[in-house]
Amino acid sequence: MHGPALVNWLLALLAAGVGTSCLVRLRRSPCAPDGAHRPLARESDAAEALMGLGMAAMAVTGTTVPAAVWAGLFGLPAAAFLFAAAHAPAGRAHRLHHAVGALAMTYMALAMTVASGHEHHQSSALGLPVLTGALLLYFGGYTLWAGSRLLHTPAGTLAVGTAGLPQACRLTMGIGMFAMLLTM
């Protein structure tokens, strides 16, 4: 990333913690309490684990990883989520969100690797300012939305314990994406 080393490491620890939490949730909850499979929840846990662990790796390694690796790691899931959102009405909005996240990670990785070849222009911004601004608006809004959903459930009570864990992961991932985009 294009920021202070301490911020990069703190973001990496936060993202790795969220990614690991999503992996644990994915492993521990193969079925809903009534025995039915929860494919959308498992898909969401898998996507958030990939994004969290990928964000951690990106924050630490930065430009030492080739652009093709980052493009494959995030670009292929983005294409899969876009395809799934177009062909399956259930969970369309959440799949589109995961696709936007994966595309944003691809964009940031490619912008970082392209900029690493032009290190004599340290004052110039990475990537396209308009696209970066649009992604900042999206993830800023998403973070506010996810935070509001964490605070109150549909029943009007505070979401505490494991019931609020998926929302807390989404909130943390939104904050992480926002922070990574700010460093561009």
# chains A, B, ... in the order shown; residues from 1 in each chain; ligands from 1

$ residues_around --residues "region 138-151 of chain A" --least-positions-apart "4" --cutoff "10 Å" --atoms "only C-alpha atoms" --output "short mmCIF file (atom, residue, chain, number, x, y, z; two decimals) with N, CA and C atoms, in the first residue's frame"
data_model
loop_
_atom_site.label_atom_id
_atom_site.label_comp_id
_atom_site.auth_asym_id
_atom_site.auth_seq_id
_atom_site.Cartn_x
_atom_site.Cartn_y
_atom_site.Cartn_z
N HIS A 97 -22.37 -6.57 -4.38
CA HIS A 97 -21.45 -5.91 -3.44
C HIS A 97 -20.11 -6.64 -3.41
N VAL A 100 -18.24 -5.78 -6.55
CA VAL A 100 -17.65 -4.43 -6.47
C VAL A 100 -16.39 -4.47 -5.60
N GLY A 101 -16.46 -5.19 -4.47
CA GLY A 101 -15.29 -5.30 -3.60
C GLY A 101 -14.12 -5.98 -4.29
N ALA A 104 -12.74 -3.65 -6.88
CA ALA A 104 -11.99 -2.58 -6.23
C ALA A 104 -10.62 -3.07 -5.79
N THR A 132 -11.43 6.25 -7.99
CA THR A 132 -11.11 6.15 -6.57
C THR A 132 -12.15 6.89 -5.73
N GLY A 133 -12.55 8.07 -6.16
CA GLY A 133 -13.57 8.85 -5.44
C GLY A 133 -14.91 8.13 -5.41
N ALA A 134 -15.29 7.54 -6.55
CA ALA A 134 -16.56 6.80 -6.60
C ALA A 134 -16.52 5.60 -5.66
N GLY A 156 -35.50 -4.25 16.60
CA GLY A 156 -35.23 -3.02 17.33
C GLY A 156 -34.28 -3.20 18.50
N THR A 157 -33.69 -4.38 18.64
CA THR A 157 -32.76 -4.62 19.73
C THR A 157 -31.33 -4.52 19.24
N LEU A 158 -30.43 -4.35 20.14
CA LEU A 158 -29.01 -4.27 19.82
C LEU A 158 -28.50 -5.65 19.44
N ALA A 159 -27.78 -5.75 18.33
CA ALA A 159 -27.23 -7.03 17.89
C ALA A 159 -25.96 -7.31 18.68
N VAL A 160 -26.01 -8.30 19.55
CA VAL A 160 -24.85 -8.64 20.36
C VAL A 160 -24.54 -10.11 20.20
N ALA A 163 -24.81 -13.25 16.93
CA ALA A 163 -25.84 -12.83 15.97
C ALA A 163 -25.36 -11.63 15.16
N GLY A 164 -24.55 -10.77 15.75
CA GLY A 164 -24.06 -9.59 15.06
C GLY A 164 -22.72 -9.78 14.39
N LEU A 165 -22.13 -10.98 14.48
CA LEU A 165 -20.79 -11.21 13.93
C LEU A 165 -20.71 -11.01 12.42
N PRO A 166 -21.63 -11.54 11.62
CA PRO A 166 -21.54 -11.28 10.17
C PRO A 166 -21.61 -9.79 9.85
N GLN A 167 -22.47 -9.05 10.55
CA GLN A 167 -22.56 -7.61 10.30
C GLN A 167 -21.28 -6.91 10.73
N ALA A 168 -20.69 -7.35 11.84
CA ALA A 168 -19.43 -6.75 12.29
C ALA A 168 -18.32 -7.01 11.27
N CYS A 169 -18.31 -8.19 10.68
CA CYS A 169 -17.32 -8.49 9.64
C CYS A 169 -17.53 -7.59 8.43
N ARG A 170 -18.78 -7.41 8.03
CA ARG A 170 -19.06 -6.54 6.88
C ARG A 170 -18.66 -5.10 7.16
N LEU A 171 -18.93 -4.64 8.37
CA LEU A 171 -18.55 -3.29 8.76
C LEU A 171 -17.03 -3.13 8.72
N THR A 172 -16.32 -4.09 9.27
CA THR A 172 -14.86 -4.04 9.29
C THR A 172 -14.28 -4.09 7.89
N MET A 173 -14.84 -4.93 7.02
CA MET A 173 -14.35 -5.00 5.64
C MET A 173 -14.61 -3.68 4.90
N GLY A 174 -15.74 -3.06 5.15
CA GLY A 174 -16.02 -1.76 4.53
C GLY A 174 -15.04 -0.70 4.99
N ILE A 175 -14.73 -0.69 6.29
CA ILE A 175 -13.76 0.26 6.82
C ILE A 175 -12.38 -0.01 6.22
N GLY A 176 -12.01 -1.28 6.12
CA GLY A 176 -10.72 -1.63 5.53
C GLY A 176 -10.61 -1.20 4.07
N MET A 177 -11.65 -1.44 3.31
CA MET A 177 -11.64 -1.01 1.91
C MET A 177 -11.54 0.51 1.81
N PHE A 178 -12.28 1.20 2.65
CA PHE A 178 -12.25 2.66 2.66
C PHE A 178 -10.83 3.15 3.00
N ALA A 179 -10.20 2.53 4.00
CA ALA A 179 -8.85 2.93 4.39
C ALA A 179 -7.85 2.66 3.28
N LEU A 181 -8.46 2.56 0.08
CA LEU A 181 -8.69 3.51 -1.00
C LEU A 181 -8.17 4.90 -0.64
#

$ residues_around --residues "region 13-19 of chain A" --least-positions-apart "6" --cutoff "6 Å" --atoms "only C-alpha atoms" --output "list of chain:residue names"
A:Ala49, A:Gly52, A:Leu53, A:Ala56, A:Cys169

$ write_last_selection --atoms "C-alpha atoms" --output "PDB file, in the first residue's frame"
ATOM      1  CA  ALA A  49     -12.714 -14.586   4.015  1.00  0.00           C
ATOM      2  CA  GLY A  52     -10.107 -10.169   4.323  1.00  0.00           C
ATOM      3  CA  LEU A  53      -7.090 -12.392   3.823  1.00  0.00           C
ATOM      4  CA  ALA A  56      -4.099  -8.412   4.657  1.00  0.00           C
ATOM      5  CA  CYS A 169     -17.322  -8.492   9.638  1.00  0.00           C
TER       6      CYS A 169
END

$ residues_around --residues "Leu6 (chain A)" --least-positions-apart "6" --cutoff "12 Å" --atoms "only C-alpha atoms" --output "list in words"
Ala12, Leu13, Ala59 and Val60 of chain A

$ residues_around --residues "Ala78 (chain A)" --least-positions-apart "5" --cutoff "10 Å" --atoms "only C-alpha atoms" --output "list in words"
Ala47, Ala71, Gly72, Leu73, Phe83, Ala84, Arg95, Leu96, His97, His98, Ala99, Val100, Gly101, Ala102, Leu103, Ala104, Met105 and Thr106 of chain A

$ atom_distance --atom1 "CA of Thr20 (chain A)" --atom2 "CA of Ala88 (chain A)"
27.8 Å

$ select_by_dssp --residues "region 2-182 of chain A" --states "alpha helix (DSSP H)" --output "number ranges by chain"
A: 5-28, 39-61, 67-87, 92-116, 129-151, 165-182

$ closest_residue --among "A:Ala80, A:Met58, A:Leu135, A:Leu126" --to "Val114 (chain A)" --atoms "only C-alpha atoms"
A:Leu126

$ atom_distance --atom1 "CA of Ser21 (chain A)" --atom2 "CA of Val7 (chain A)"
21.0 Å

$ residues_around --residues "region 23-26 of chain A" --least-positions-apart "5" --cutoff "7 Å" --atoms "only C-alpha atoms" --output "ChimeraX atom specification"
/A:42,45-46,49

$ atom_distance --atom1 "CA of Ala5 (chain A)" --atom2 "CA of Tyr107 (chain A)"
21.1 Å
